[in-house]
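**Q** As input, take target10.txt (compact mmCIF, C-alpha atoms and all ligand atoms):
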# COMPACT_ATOMS: atom_id res chain seq x y z
CA MET L 1 229.49 1.06 26.48
CA SER L 2 228.38 2.84 29.62
CA VAL L 3 224.80 1.88 30.18
CA ILE L 4 223.28 3.63 33.15
CA SER L 5 224.90 6.93 32.15
CA SER L 6 226.64 7.91 28.91
CA ASN L 7 229.21 9.68 31.14
CA LYS L 8 231.66 6.82 31.69
CA ALA L 9 233.07 8.16 34.96
CA LEU L 10 229.58 8.56 36.39
CA SER L 11 228.50 5.16 35.11
CA ASP L 12 231.60 3.52 36.62
CA LEU L 13 231.06 5.28 39.93
CA LEU L 14 227.45 4.20 40.11
CA GLY L 15 228.51 0.67 39.23
CA VAL L 16 224.99 -0.36 38.31
CA ASP L 17 225.69 -1.52 34.77
CA GLU L 18 226.64 -5.06 35.72
CA GLN L 19 223.34 -5.48 37.54
CA LEU L 20 221.46 -5.12 34.27
CA THR L 21 220.56 -8.00 31.98
CA GLU L 22 221.44 -8.00 28.32
CA SER L 23 217.86 -7.29 27.28
CA GLU L 24 217.73 -4.37 29.75
CA ARG L 25 220.92 -2.94 28.25
CA ASP L 26 219.53 -3.33 24.74
CA LEU L 27 216.32 -1.58 25.74
CA ILE L 28 218.22 1.32 27.32
CA ALA L 29 220.28 1.68 24.12
CA LEU L 30 217.12 1.62 21.98
CA VAL L 31 215.28 4.28 23.98
CA ARG L 32 218.39 6.47 24.33
CA ARG L 33 218.92 6.36 20.56
CA PHE L 34 215.30 7.35 19.98
CA ALA L 35 215.61 10.17 22.51
CA ASP L 36 218.88 11.41 20.96
CA ASP L 37 217.65 11.28 17.36
CA ARG L 38 214.00 12.12 17.61
CA LEU L 39 213.44 14.06 20.86
CA ARG L 40 216.53 15.96 22.08
CA PRO L 41 216.94 18.11 18.95
CA HIS L 42 213.42 19.53 19.51
CA LEU L 43 212.90 19.55 23.27
CA ALA L 44 213.91 23.14 23.99
CA GLN L 45 211.67 24.40 21.18
CA TRP L 46 208.71 22.27 22.26
CA PHE L 47 209.16 23.46 25.82
CA GLU L 48 209.48 27.10 24.81
CA GLU L 49 206.46 26.99 22.50
CA GLY L 50 204.43 24.76 24.80
CA THR L 51 203.67 22.32 22.01
CA VAL L 52 204.44 18.68 21.33
CA PRO L 53 203.50 16.47 18.35
CA ALA L 54 201.92 13.95 20.70
CA ARG L 55 200.00 11.97 18.12
CA ASP L 56 203.00 11.54 15.78
CA LEU L 57 205.28 10.61 18.66
CA ALA L 58 202.74 8.11 19.97
CA LYS L 59 202.93 6.19 16.70
CA GLU L 60 206.73 6.14 16.87
CA LEU L 61 206.70 5.07 20.51
CA GLY L 62 204.16 2.38 19.62
CA ALA L 63 206.40 1.10 16.81
CA LEU L 64 209.23 0.80 19.35
CA GLY L 65 206.96 -1.28 21.61
CA LEU L 66 207.03 1.24 24.48
CA LEU L 67 203.27 1.80 24.95
CA GLY L 68 201.69 -0.48 27.52
CA MET L 69 204.94 -2.42 27.25
CA HIS L 70 204.57 -4.15 30.64
CA LEU L 71 201.10 -5.48 29.79
CA ASP L 72 200.47 -8.90 28.23
CA GLY L 73 198.57 -9.67 25.03
CA TYR L 74 196.51 -7.33 22.83
CA GLY L 75 199.62 -6.18 20.95
CA CYS L 76 201.51 -5.21 24.14
CA ALA L 77 205.18 -6.14 24.50
CA GLY L 78 204.88 -8.13 27.75
CA SER L 79 208.10 -6.65 29.15
CA THR L 80 209.22 -6.96 32.75
CA ALA L 81 208.44 -4.21 35.24
CA THR L 82 212.15 -3.39 35.43
CA GLU L 83 212.37 -2.99 31.66
CA TYR L 84 209.35 -0.70 31.73
CA GLY L 85 211.00 1.34 34.49
CA LEU L 86 214.28 1.62 32.59
CA ALA L 87 212.41 2.81 29.49
CA CYS L 88 210.77 5.48 31.68
CA LEU L 89 214.20 6.46 33.01
CA GLU L 90 215.58 7.01 29.50
CA MET L 91 212.44 8.82 28.31
CA GLU L 92 212.51 11.17 31.28
CA ALA L 93 216.24 11.78 30.84
CA ALA L 94 214.98 13.48 27.68
CA ASP L 95 211.92 15.19 29.14
CA SER L 96 209.36 14.45 31.87
CA GLY L 97 206.59 15.45 29.47
CA LEU L 98 207.48 12.70 27.03
CA ARG L 99 207.75 10.15 29.82
CA SER L 100 204.31 11.34 30.97
CA LEU L 101 202.91 10.54 27.54
CA VAL L 102 204.22 6.97 27.85
CA SER L 103 203.06 6.62 31.48
CA VAL L 104 199.55 7.94 30.96
CA GLN L 105 199.03 5.81 27.88
CA GLY L 106 200.43 2.58 29.34
CA SER L 107 200.11 2.72 33.11
CA LEU L 108 196.89 4.69 33.43
CA ALA L 109 194.60 4.44 30.39
CA MET L 110 195.70 1.04 29.02
CA LYS L 111 196.24 -0.47 32.47
CA ALA L 112 192.69 0.47 33.52
CA ILE L 113 191.20 -1.23 30.45
CA HIS L 114 193.60 -4.20 30.69
CA ALA L 115 192.96 -4.85 34.38
CA PHE L 116 189.28 -3.95 34.70
CA GLY L 117 187.81 -3.87 31.18
CA SER L 118 185.55 -6.35 29.37
CA GLU L 119 187.00 -8.53 26.60
CA GLU L 120 185.24 -6.29 24.07
CA GLN L 121 186.77 -3.12 25.56
CA LYS L 122 190.22 -4.71 25.52
CA GLN L 123 189.87 -5.88 21.90
CA GLU L 124 188.53 -2.53 20.79
CA TRP L 125 191.16 -0.28 22.39
CA LEU L 126 194.34 -2.02 23.52
CA PRO L 127 195.87 -3.09 20.17
CA ARG L 128 195.42 0.42 18.74
CA MET L 129 196.72 2.04 21.90
CA ALA L 130 199.77 -0.25 21.97
CA ALA L 131 200.50 0.75 18.37
CA GLY L 132 200.08 4.43 19.22
CA GLU L 133 197.25 4.75 16.72
CA ALA L 134 194.84 5.68 19.50
CA LEU L 135 195.79 7.91 22.41
CA GLY L 136 194.28 7.55 25.86
CA CYS L 137 193.90 9.80 28.87
CA PHE L 138 192.89 9.17 32.47
CA GLY L 139 190.44 11.47 34.21
CA LEU L 140 190.54 11.24 37.98
CA THR L 141 191.49 14.69 39.33
CA GLU L 142 188.85 17.44 39.50
CA PRO L 143 189.23 21.16 40.13
CA ASP L 144 188.35 20.66 43.82
CA PHE L 145 189.61 17.12 44.36
CA GLY L 146 193.23 16.14 43.71
CA SER L 147 194.84 14.44 46.71
CA ASP L 148 191.35 13.40 47.84
CA PRO L 149 189.82 11.89 44.68
CA GLY L 150 187.13 10.08 46.69
CA GLY L 151 185.29 13.40 46.98
CA MET L 152 184.86 13.72 43.20
CA ARG L 153 181.65 15.31 41.94
CA THR L 154 181.58 13.86 38.41
CA ARG L 155 178.55 11.59 38.39
CA ALA L 156 177.18 8.84 36.15
CA THR L 157 173.46 8.11 36.47
CA ARG L 158 171.38 5.46 34.77
CA ASP L 159 168.84 6.24 32.06
CA GLY L 160 167.35 2.88 31.14
CA ASP L 161 170.40 0.76 30.24
CA ASP L 162 172.47 3.83 29.31
CA TRP L 163 174.65 5.98 31.54
CA ILE L 164 174.52 9.79 31.58
CA LEU L 165 177.79 11.44 32.60
CA ASN L 166 178.03 14.97 34.02
CA GLY L 167 180.98 16.78 35.59
CA SER L 168 184.52 17.90 34.89
CA LYS L 169 188.13 16.76 35.27
CA MET L 170 191.21 18.93 35.65
CA TRP L 171 194.92 18.59 34.81
CA ILE L 172 194.37 15.68 32.44
CA THR L 173 197.52 14.71 30.52
CA ASN L 174 196.80 14.12 26.79
CA GLY L 175 193.20 15.21 27.49
CA SER L 176 192.69 17.30 24.35
CA VAL L 177 194.54 14.96 21.98
CA ALA L 178 193.13 11.65 23.22
CA ASP L 179 190.81 9.33 21.31
CA VAL L 180 189.57 7.69 24.48
CA ALA L 181 189.26 8.84 28.07
CA VAL L 182 189.05 6.56 31.08
CA VAL L 183 186.82 8.65 33.35
CA TRP L 184 186.14 7.89 37.02
CA ALA L 185 182.73 8.96 38.34
CA GLN L 186 180.43 8.57 41.31
CA THR L 187 177.48 6.23 40.75
CA ASP L 188 174.71 4.96 43.03
CA ASP L 189 176.97 1.96 43.61
CA LYS L 190 180.46 3.39 44.34
CA ILE L 191 183.00 5.06 42.04
CA ARG L 192 183.13 3.39 38.61
CA GLY L 193 185.40 3.78 35.58
CA PHE L 194 183.98 4.54 32.13
CA VAL L 195 185.56 4.13 28.71
CA VAL L 196 184.58 7.31 26.88
CA PRO L 197 185.39 7.85 23.19
CA THR L 198 186.28 11.54 23.02
CA ASP L 199 184.07 12.13 19.97
CA THR L 200 180.95 11.37 22.06
CA ALA L 201 178.46 14.27 22.11
CA GLY L 202 178.79 16.18 25.38
CA PHE L 203 182.58 15.66 25.70
CA GLU L 204 184.75 18.78 25.65
CA ALA L 205 188.48 19.20 26.28
CA HIS L 206 190.26 22.52 26.68
CA PRO L 207 194.07 22.70 26.86
CA ILE L 208 195.41 24.37 30.01
CA LYS L 209 197.62 27.32 29.05
CA HIS L 210 200.32 29.28 30.89
CA LYS L 211 201.98 26.23 32.47
CA MET L 212 205.58 26.80 33.50
CA SER L 213 206.19 23.07 33.90
CA LEU L 214 205.71 20.02 31.65
CA ARG L 215 205.33 22.33 28.68
CA ALA L 216 206.21 19.56 26.19
CA SER L 217 203.08 17.73 27.30
CA VAL L 218 199.40 18.36 26.68
CA THR L 219 197.38 19.05 29.84
CA ALA L 220 193.65 19.68 29.60
CA GLU L 221 190.41 20.30 31.42
CA LEU L 222 187.61 17.89 30.47
CA SER L 223 183.90 18.50 30.80
CA PHE L 224 180.99 16.10 30.37
CA SER L 225 177.57 17.53 29.76
CA ASP L 226 174.71 14.99 29.63
CA LEU L 227 177.17 12.68 27.88
CA ARG L 228 175.29 9.48 26.99
CA LEU L 229 177.15 6.18 27.14
CA PRO L 230 175.92 2.65 26.42
CA ALA L 231 175.61 0.18 29.31
CA ASP L 232 178.82 -1.57 28.27
CA ALA L 233 180.96 1.60 28.61
CA VAL L 234 181.53 0.91 32.30
CA LEU L 235 184.66 -1.01 33.35
CA PRO L 236 182.95 -4.15 34.68
CA GLU L 237 185.68 -5.57 36.90
CA VAL L 238 186.15 -2.92 39.57
CA LYS L 239 184.15 -0.71 41.93
CA GLY L 240 185.45 1.95 44.30
CA LEU L 241 188.76 3.79 44.54
CA ARG L 242 190.72 0.54 44.22
CA GLY L 243 190.36 0.93 40.43
CA PRO L 244 192.12 4.27 39.95
CA LEU L 245 194.56 3.61 42.81
CA THR L 246 195.74 0.37 41.16
CA CYS L 247 196.54 2.34 38.01
CA LEU L 248 198.18 5.16 39.97
CA SER L 249 200.49 2.66 41.65
CA GLU L 250 201.66 1.50 38.19
CA ALA L 251 202.29 5.06 37.06
CA ARG L 252 204.07 5.93 40.31
CA PHE L 253 206.35 2.96 39.74
CA GLY L 254 207.38 4.43 36.38
CA ILE L 255 208.05 7.79 38.04
CA VAL L 256 210.41 6.13 40.55
CA PHE L 257 212.66 5.36 37.57
CA GLY L 258 211.76 8.34 35.41
CA SER L 259 212.56 11.08 37.90
CA ILE L 260 216.05 9.61 38.30
CA GLY L 261 216.50 9.89 34.54
CA ALA L 262 215.82 13.63 34.67
CA ALA L 263 218.28 13.97 37.56
CA ARG L 264 220.93 11.99 35.68
CA ASP L 265 220.64 14.26 32.65
CA CYS L 266 221.10 17.29 34.92
CA LEU L 267 224.15 15.80 36.63
CA GLU L 268 225.79 14.77 33.36
CA THR L 269 225.26 18.33 32.11
CA ALA L 270 226.67 19.87 35.30
CA ILE L 271 229.79 17.66 35.26
CA ASP L 272 230.49 18.59 31.62
CA TYR L 273 229.87 22.26 32.30
CA ALA L 274 232.07 22.36 35.40
CA GLN L 275 234.93 20.82 33.43
CA THR L 276 234.81 23.41 30.67
CA ARG L 277 233.91 26.57 32.59
CA THR L 278 236.79 28.64 33.93
CA VAL L 279 236.31 30.75 37.06
CA PHE L 280 239.11 32.58 38.87
CA ASP L 281 241.58 31.19 36.30
CA LYS L 282 240.82 27.55 36.98
CA SER L 283 238.25 25.01 35.86
CA LEU L 284 235.07 25.16 37.93
CA ALA L 285 235.38 21.39 38.40
CA SER L 286 238.72 21.79 40.21
CA TYR L 287 237.23 23.58 43.23
CA GLN L 288 236.41 21.61 46.34
CA LEU L 289 233.03 23.33 46.72
CA THR L 290 232.02 22.20 43.23
CA GLN L 291 233.26 18.67 43.81
CA ALA L 292 231.32 18.47 47.08
CA LYS L 293 228.13 19.30 45.17
CA LEU L 294 228.88 16.83 42.38
CA ALA L 295 229.82 14.08 44.83
CA ASP L 296 226.70 14.52 46.94
CA MET L 297 224.52 14.49 43.85
CA ALA L 298 226.20 11.35 42.48
CA VAL L 299 225.60 9.61 45.83
CA GLU L 300 221.90 10.51 45.79
CA LEU L 301 221.62 9.49 42.15
CA GLN L 302 223.20 6.13 42.96
CA LYS L 303 220.80 5.58 45.86
CA GLY L 304 217.85 6.55 43.65
CA ILE L 305 218.82 4.14 40.88
CA LEU L 306 219.38 1.31 43.36
CA LEU L 307 216.01 1.98 45.00
CA ALA L 308 214.30 1.98 41.60
CA LEU L 309 216.04 -1.27 40.57
CA HIS L 310 215.19 -2.88 43.91
CA LEU L 311 211.51 -2.02 43.46
CA GLY L 312 211.65 -3.21 39.85
CA ARG L 313 213.15 -6.57 40.80
CA THR L 314 210.71 -6.89 43.71
CA LYS L 315 207.78 -6.21 41.37
CA ASP L 316 209.08 -8.76 38.88
CA ASN L 317 209.51 -11.32 41.66
CA GLY L 318 205.92 -11.25 42.82
CA GLY L 319 204.83 -7.68 43.34
CA VAL L 320 205.41 -4.47 45.24
CA SER L 321 203.04 -2.98 47.78
CA ASN L 322 201.59 0.50 47.36
CA GLU L 323 203.62 1.59 50.41
CA GLN L 324 206.86 0.38 48.80
CA VAL L 325 206.06 2.34 45.64
CA SER L 326 205.38 5.38 47.83
CA VAL L 327 208.88 5.07 49.34
CA GLY L 328 210.34 5.20 45.83
CA LYS L 329 208.12 8.01 44.56
CA LEU L 330 208.71 10.16 47.63
CA ASN L 331 212.46 9.70 47.67
CA ASN L 332 213.28 9.79 43.99
CA THR L 333 211.15 12.79 43.00
CA ARG L 334 212.33 14.75 46.05
CA GLU L 335 215.99 13.97 45.40
CA ALA L 336 215.66 14.48 41.64
CA ILE L 337 214.36 18.03 42.00
CA GLN L 338 217.06 18.78 44.56
CA ILE L 339 219.71 17.51 42.14
CA ALA L 340 218.20 19.62 39.34
CA ARG L 341 218.27 22.73 41.54
CA THR L 342 221.89 22.15 42.59
CA CYS L 343 222.97 21.46 38.99
CA ARG L 344 221.35 24.75 38.01
CA THR L 345 223.65 26.54 40.47
CA VAL L 346 226.70 24.89 38.87
CA LEU L 347 225.67 26.34 35.51
CA GLY L 348 225.30 29.85 36.89
CA ALA L 349 223.34 32.18 34.62
CA ASN L 350 223.60 29.74 31.73
CA GLY L 351 221.55 27.42 33.89
CA ILE L 352 218.43 29.51 33.47
CA THR L 353 218.37 29.20 29.66
CA LEU L 354 216.95 26.47 27.48
CA ASP L 355 220.40 26.11 25.88
CA TYR L 356 220.93 23.53 28.63
CA PRO L 357 218.33 20.98 29.78
CA VAL L 358 218.63 21.69 33.51
CA ILE L 359 216.03 24.43 34.05
CA ARG L 360 213.58 22.48 31.85
CA HIS L 361 214.04 19.38 34.03
CA GLU L 362 213.86 21.46 37.21
CA ASN L 363 210.56 23.03 36.14
CA ASN L 364 209.20 19.71 34.91
CA LEU L 365 210.06 18.01 38.19
CA GLU L 366 207.73 20.43 40.01
CA SER L 367 204.86 18.62 38.27
CA VAL L 368 206.41 15.20 38.77
CA LEU L 369 206.75 15.96 42.48
CA THR L 370 203.05 16.90 42.60
CA TYR L 371 201.21 14.46 40.37
CA GLU L 372 200.59 10.80 41.19
CA GLY L 373 200.54 11.76 44.86
CA THR L 374 202.30 14.76 46.37
CA PRO L 375 205.20 14.21 48.81
CA GLU L 376 202.77 14.80 51.69
CA VAL L 377 200.40 12.12 50.38
CA HIS L 378 203.26 9.61 50.19
CA GLN L 379 204.45 10.58 53.66
CA LEU L 380 200.92 9.89 54.91
CA ILE L 381 200.81 6.50 53.13
CA ILE L 382 204.19 5.51 54.62
CA GLY L 383 203.20 6.96 58.00
CA GLN L 384 200.05 4.87 58.04
CA ALA L 385 202.06 1.75 57.16
CA LEU L 386 204.45 2.47 60.04
CA THR L 387 201.90 3.38 62.70
CA GLY L 388 198.59 1.89 61.61
CA ALA L 389 197.02 5.32 62.08
CA ASN L 390 195.26 7.03 59.15
CA ALA L 391 196.31 10.71 59.30
CA PHE L 392 194.75 11.79 55.98
CA ARG L 393 191.92 13.63 57.72
C1 LIG L 401 201.15 18.54 34.68
C2 LIG L 401 200.15 17.73 35.43
C3 LIG L 401 199.57 16.62 34.82
C4 LIG L 401 198.59 15.88 35.49
N1 LIG L 401 197.98 14.80 34.85
C5 LIG L 401 196.92 14.19 35.45
C6 LIG L 401 196.19 13.17 34.74
O1 LIG L 401 196.52 12.77 33.60
N2 LIG L 401 195.08 12.64 35.33
C7 LIG L 401 194.66 13.04 36.57
O2 LIG L 401 193.64 12.52 37.03
N3 LIG L 401 195.35 13.99 37.27
C8 LIG L 401 196.46 14.57 36.74
N4 LIG L 401 197.16 15.55 37.42
C9 LIG L 401 196.65 16.00 38.72
C10 LIG L 401 197.51 15.60 39.91
O3 LIG L 401 197.42 14.22 40.14
C11 LIG L 401 197.07 16.44 41.10
O4 LIG L 401 197.51 17.76 40.84
C12 LIG L 401 197.64 15.95 42.42
O5 LIG L 401 197.00 14.76 42.80
C13 LIG L 401 197.49 16.98 43.56
O6 LIG L 401 196.20 17.44 43.61
P1 LIG L 401 195.91 19.03 43.69
O7 LIG L 401 196.71 19.68 42.63
O8 LIG L 401 194.43 19.21 43.66
O9 LIG L 401 196.49 19.49 45.08
P2 LIG L 401 195.76 19.41 46.50
O10 LIG L 401 195.20 18.04 46.71
O11 LIG L 401 194.81 20.56 46.62
O12 LIG L 401 196.98 19.62 47.47
C14 LIG L 401 197.51 20.92 47.79
C15 LIG L 401 198.54 20.74 48.89
O13 LIG L 401 197.90 20.16 50.02
C16 LIG L 401 198.64 19.05 50.47
N5 LIG L 401 197.77 18.08 51.12
C17 LIG L 401 196.73 17.40 50.58
N6 LIG L 401 196.17 16.57 51.50
C18 LIG L 401 196.88 16.75 52.63
C19 LIG L 401 196.80 16.19 53.95
N7 LIG L 401 195.88 15.26 54.26
N8 LIG L 401 197.68 16.62 54.88
C20 LIG L 401 198.61 17.57 54.60
N9 LIG L 401 198.76 18.12 53.36
C21 LIG L 401 197.89 17.71 52.40
C22 LIG L 401 199.25 18.49 49.20
O14 LIG L 401 200.34 17.64 49.51
C23 LIG L 401 199.65 19.78 48.49
O15 LIG L 401 200.88 20.22 49.01
C24 LIG L 401 198.19 16.26 36.80
C25 LIG L 401 198.82 17.36 37.42
C26 LIG L 401 199.79 18.07 36.75
C27 LIG L 401 200.43 19.25 37.43
Translate the structure described by the file into structure tokens.

**A**
Amino acid sequence: MSVISSNKALSDLLGVDEQLTESERDLIALVRRFADDRLRPHLAQWFEEGTVPARDLAKELGALGLLGMHLDGYGCAGSTATEYGLACLEMEAADSGLRSLVSVQGSLAMKAIHAFGSEEQKQEWLPRMAAGEALGCFGLTEPDFGSDPGGMRTRATRDGDDWILNGSKMWITNGSVADVAVVWAQTDDKIRGFVVPTDTAGFEAHPIKHKMSLRASVTAELSFSDLRLPADAVLPEVKGLRGPLTCLSEARFGIVFGSIGAARDCLETAIDYAQTRTVFDKSLASYQLTQAKLADMAVELQKGILLALHLGRTKDNGGVSNEQVSVGKLNNTREAIQIARTCRTVLGANGITLDYPVIRHENNLESVLTYEGTPEVHQLIIGQALTGANAFR
């Protein structure tokens, strides 16, 4: 069976299959089967309607062991980083919105509690989140602070032993369907993370409408109005931006793989289409101009998969730096959206309909390019690593 792509010719050309372990191949097969059976038949409709049964899907993803899968204990699967990445690749080959659900749950909300939470917080939330019985979200971005989260205005102040939270968060994936929000806020002693059950008085979540991207994903605005939390709601093990940035690095790692999945789905679609479409009495695939496009895209796809696998193996062998993850996020999201755009041209007018997945991926990748650090932010991170000079401000 072709593993890295179900298109045998593409899989053979990429030649990556033999670099995968048996358990990685099994995982890819499992996630692809789930995507084929449970997701693909509905994706166009979910995208068109801007809805997704997030809570039902979370339970199914939990049963497959895909939520917080790279974390240890507390009902998590304890998979390798590479396995987690490959699961993201297959999920995003279906839809970036569904991969976002997995990433936000595992790499952002669960990771924050797993890495920085108290034993009680871990026991209370992680087993249910791993099972998909509780959904989490991660509130860092605010209406006026995205690339520069350190400027956030959301504030937690002390009232006796309690905390009082005021402020708002913007663009929060799963925000209006979550049971628990990890919220980052200014305090008198640096930025701290808070574990906020979403049924706490003073918590409101409003879905963001009119998105043209990531429509099969819930995105919400959160507001906190004199929201009272007990003393033990704070994540005890981290202060400052290191907390959210550690989680972001995990989620970015998943995107390095995931974005390539979306690109692969586009390229498989374009190759099939070119072989069946006739223009000027011949198959579209038989023209040199078409083959040049397909060849260039296959080369970039190959480089993207190898980069993702390299970062995966590096992470499994002792860890990747934030700068290395930035290299992967910058390259793979940028190339993925370029591949999606070029595939759309191969499909001509058909390419703009939801009868094919390409325009959906292309639109989704606009969000994937932007969230978890825009291309400019990753250029600045890499630039600082190369020169030692901080050019953020
Ligand atoms: C669908 C979706 C889901 C999301 N989910 C979440 C979530 O679950 N949780 C969460 O906290 N956030 C989430 N986000 C928010 C996301 O992380 C931010 O949108 C992102 O960080 C960019 O912030 P911004 O939109 O405020 O853009 P801005 O920071 O305002 O950036 C605007 C432009 O300025 C550029 N820029 C910024 N700084 C510099 C600089 N120093 N030099 C040059 N150019 C610069 C940027 O690259 C960009 O091109 C989500 C976003 C989307 C679209």

**Q** Quick one: residues within 7 Å of ligand LIG 401 (chain L), with only C-alpha atoms and all ligand atoms, as an MDAnalysis selection string?

**A** chainID L and resid 104 137:141 143:148 170:174 213:214 219 367 370:377 391:393

**Q** Pick from L:Leu13, L:Val196, L:Ile208, L:Leu89: nearest to Ile164 in chain L, with only C-alpha atoms counted?

**A**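 Using only C-alpha atoms, Ile164 in chain L sits closest to L:Val196.
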
**Q** What's the separation between CA of Lys293 in chain L and CA of Met91 in chain L, in Å to one decimal place?

**A**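 Computing it gives 25.3 Å between the two atoms.
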
**Q** Each residue of range 93-135 of chain L lying at most 12 Å from range 233-257 of chain L should get a row with its shortest atom-to-atom pair and the distance in Å to one decimal, counting all atoms listed in the file; could you produce that, ordered by chain and increasing number, as a Markdown table?

**A**
| residue | atom | partner | partner_atom | distance |
| --- | --- | --- | --- | --- |
| L:Ala93 | CA | L:Phe257 | CA | 10.0 |
| L:Ser96 | CA | L:Ile255 | CA | 9.2 |
| L:Gly97 | CA | L:Ile255 | CA | 11.6 |
| L:Arg99 | CA | L:Ile255 | CA | 8.6 |
| L:Ser100 | CA | L:Ile255 | CA | 8.8 |
| L:Leu101 | CA | L:Ala251 | CA | 11.0 |
| L:Val102 | CA | L:Gly254 | CA | 9.4 |
| L:Ser103 | CA | L:Ala251 | CA | 5.8 |
| L:Val104 | CA | L:Ala251 | CA | 7.3 |
| L:Gln105 | CA | L:Ala251 | CA | 9.8 |
| L:Gly106 | CA | L:Ala251 | CA | 8.3 |
| L:Ser107 | CA | L:Ala251 | CA | 5.1 |
| L:Leu108 | CA | L:Cys247 | CA | 5.2 |
| L:Ala109 | CA | L:Cys247 | CA | 8.1 |
| L:Met110 | CA | L:Cys247 | CA | 9.1 |
| L:Lys111 | CA | L:Cys247 | CA | 6.2 |
| L:Ala112 | CA | L:Cys247 | CA | 6.2 |
| L:Ile113 | CA | L:Leu235 | CA | 7.2 |
| L:His114 | CA | L:Leu235 | CA | 9.9 |
| L:Ala115 | CA | L:Glu237 | CA | 7.7 |
| L:Phe116 | CA | L:Glu237 | CA | 4.5 |
| L:Gly117 | CA | L:Leu235 | CA | 4.8 |
| L:Ser118 | CA | L:Pro236 | CA | 6.3 |
| L:Glu119 | CA | L:Pro236 | CA | 10.0 |
| L:Glu120 | CA | L:Ala233 | CA | 10.1 |
| L:Gln121 | CA | L:Ala233 | CA | 8.1 |
| L:Lys122 | CA | L:Leu235 | CA | 10.3 |
| L:Glu124 | CA | L:Ala233 | CA | 11.6 |

**Q** Distance CA of Ser326 in chain L-CA of His378 in chain L, one decimal place?

**A**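 Distance between the two atoms: 5.3 Å.
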
**Q** Which residues are close to Ala35 in chain L, i.e. within 10 Å by only C-alpha atoms, leaving aside same-chain residues fewer than 5 positions away? Reply as JSON, numbers by chain.

**A** {"L": [29, 30, 40, 41, 43, 90, 91, 92, 93, 94, 95, 98]}

**Q** Take the residues just selected and output them with C-alpha atoms as a tab-separated table (two decimals), in the frame of the given file.

**A**
chain	number	residue	atom	x	y	z
L	29	ALA	CA	220.28	1.68	24.12
L	30	LEU	CA	217.12	1.62	21.98
L	40	ARG	CA	216.53	15.96	22.08
L	41	PRO	CA	216.94	18.11	18.95
L	43	LEU	CA	212.90	19.55	23.27
L	90	GLU	CA	215.58	7.01	29.50
L	91	MET	CA	212.44	8.82	28.31
L	92	GLU	CA	212.51	11.17	31.28
L	93	ALA	CA	216.24	11.78	30.84
L	94	ALA	CA	214.98	13.48	27.68
L	95	ASP	CA	211.92	15.19	29.14
L	98	LEU	CA	207.48	12.70	27.03

**Q** So how far away is CA of Glu18 in chain L from CA of Ala285 in chain L, in Å?

**A**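 Distance between the two atoms: 28.0 Å.
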
**Q** Excluding same-chain residues fewer than 3 positions from Asp56 in chain L, what lies within 12 Å of it counting all atoms listed in the file, as a ChimeraX atom specification?

**A** /L:38-39,52-53,59-63,101,131-135,177

**Q** In terms of the shortest atom-to-atom distance over only C-alpha atoms, which of L:Glu49, L:Glu83, L:Asp159, L:Glu204 is closest to Ser23 in chain L?

**A**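 Answer, going by the shortest atom-to-atom distance: L:Glu83.
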
**Q** Calculated over all atoms listed in the file, which of the candidates L:Glu142, L:Leu71, L:Lys190, L:Ser168 has the smallest distance to Met129 in chain L?

**A**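 So, comparing all the options, the nearest one is L:Leu71.
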
**Q** Could you model N, CA, C and O atoms for range 282-288 of chain L and present them as a short mmCIF file (atom, residue, chain, number, x, y, z; two decimals), in the frame of the given file?

**A**
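Resulting contents of part_27.cif:
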data_model
loop_
_atom_site.label_atom_id
_atom_site.label_comp_id
_atom_site.auth_asym_id
_atom_site.auth_seq_id
_atom_site.Cartn_x
_atom_site.Cartn_y
_atom_site.Cartn_z
N LYS L 282 240.73 29.02 36.92
CA LYS L 282 240.82 27.55 36.98
C LYS L 282 239.47 26.95 36.58
O LYS L 282 238.44 27.61 36.65
N SER L 283 239.51 25.67 36.22
CA SER L 283 238.25 25.01 35.86
C SER L 283 237.33 24.95 37.08
O SER L 283 237.78 24.68 38.21
N LEU L 284 236.06 25.20 36.84
CA LEU L 284 235.07 25.16 37.93
C LEU L 284 235.09 23.79 38.63
O LEU L 284 234.87 23.68 39.84
N ALA L 285 235.38 22.75 37.84
CA ALA L 285 235.38 21.39 38.40
C ALA L 285 236.52 21.17 39.39
O ALA L 285 236.48 20.23 40.19
N SER L 286 237.56 22.04 39.36
CA SER L 286 238.72 21.79 40.21
C SER L 286 238.55 22.35 41.62
O SER L 286 239.43 22.19 42.46
N TYR L 287 237.43 23.01 41.88
CA TYR L 287 237.23 23.58 43.23
C TYR L 287 236.54 22.57 44.14
O TYR L 287 235.64 21.84 43.72
N GLN L 288 236.96 22.57 45.38
CA GLN L 288 236.41 21.61 46.34
C GLN L 288 234.90 21.81 46.52
O GLN L 288 234.15 20.84 46.66
#
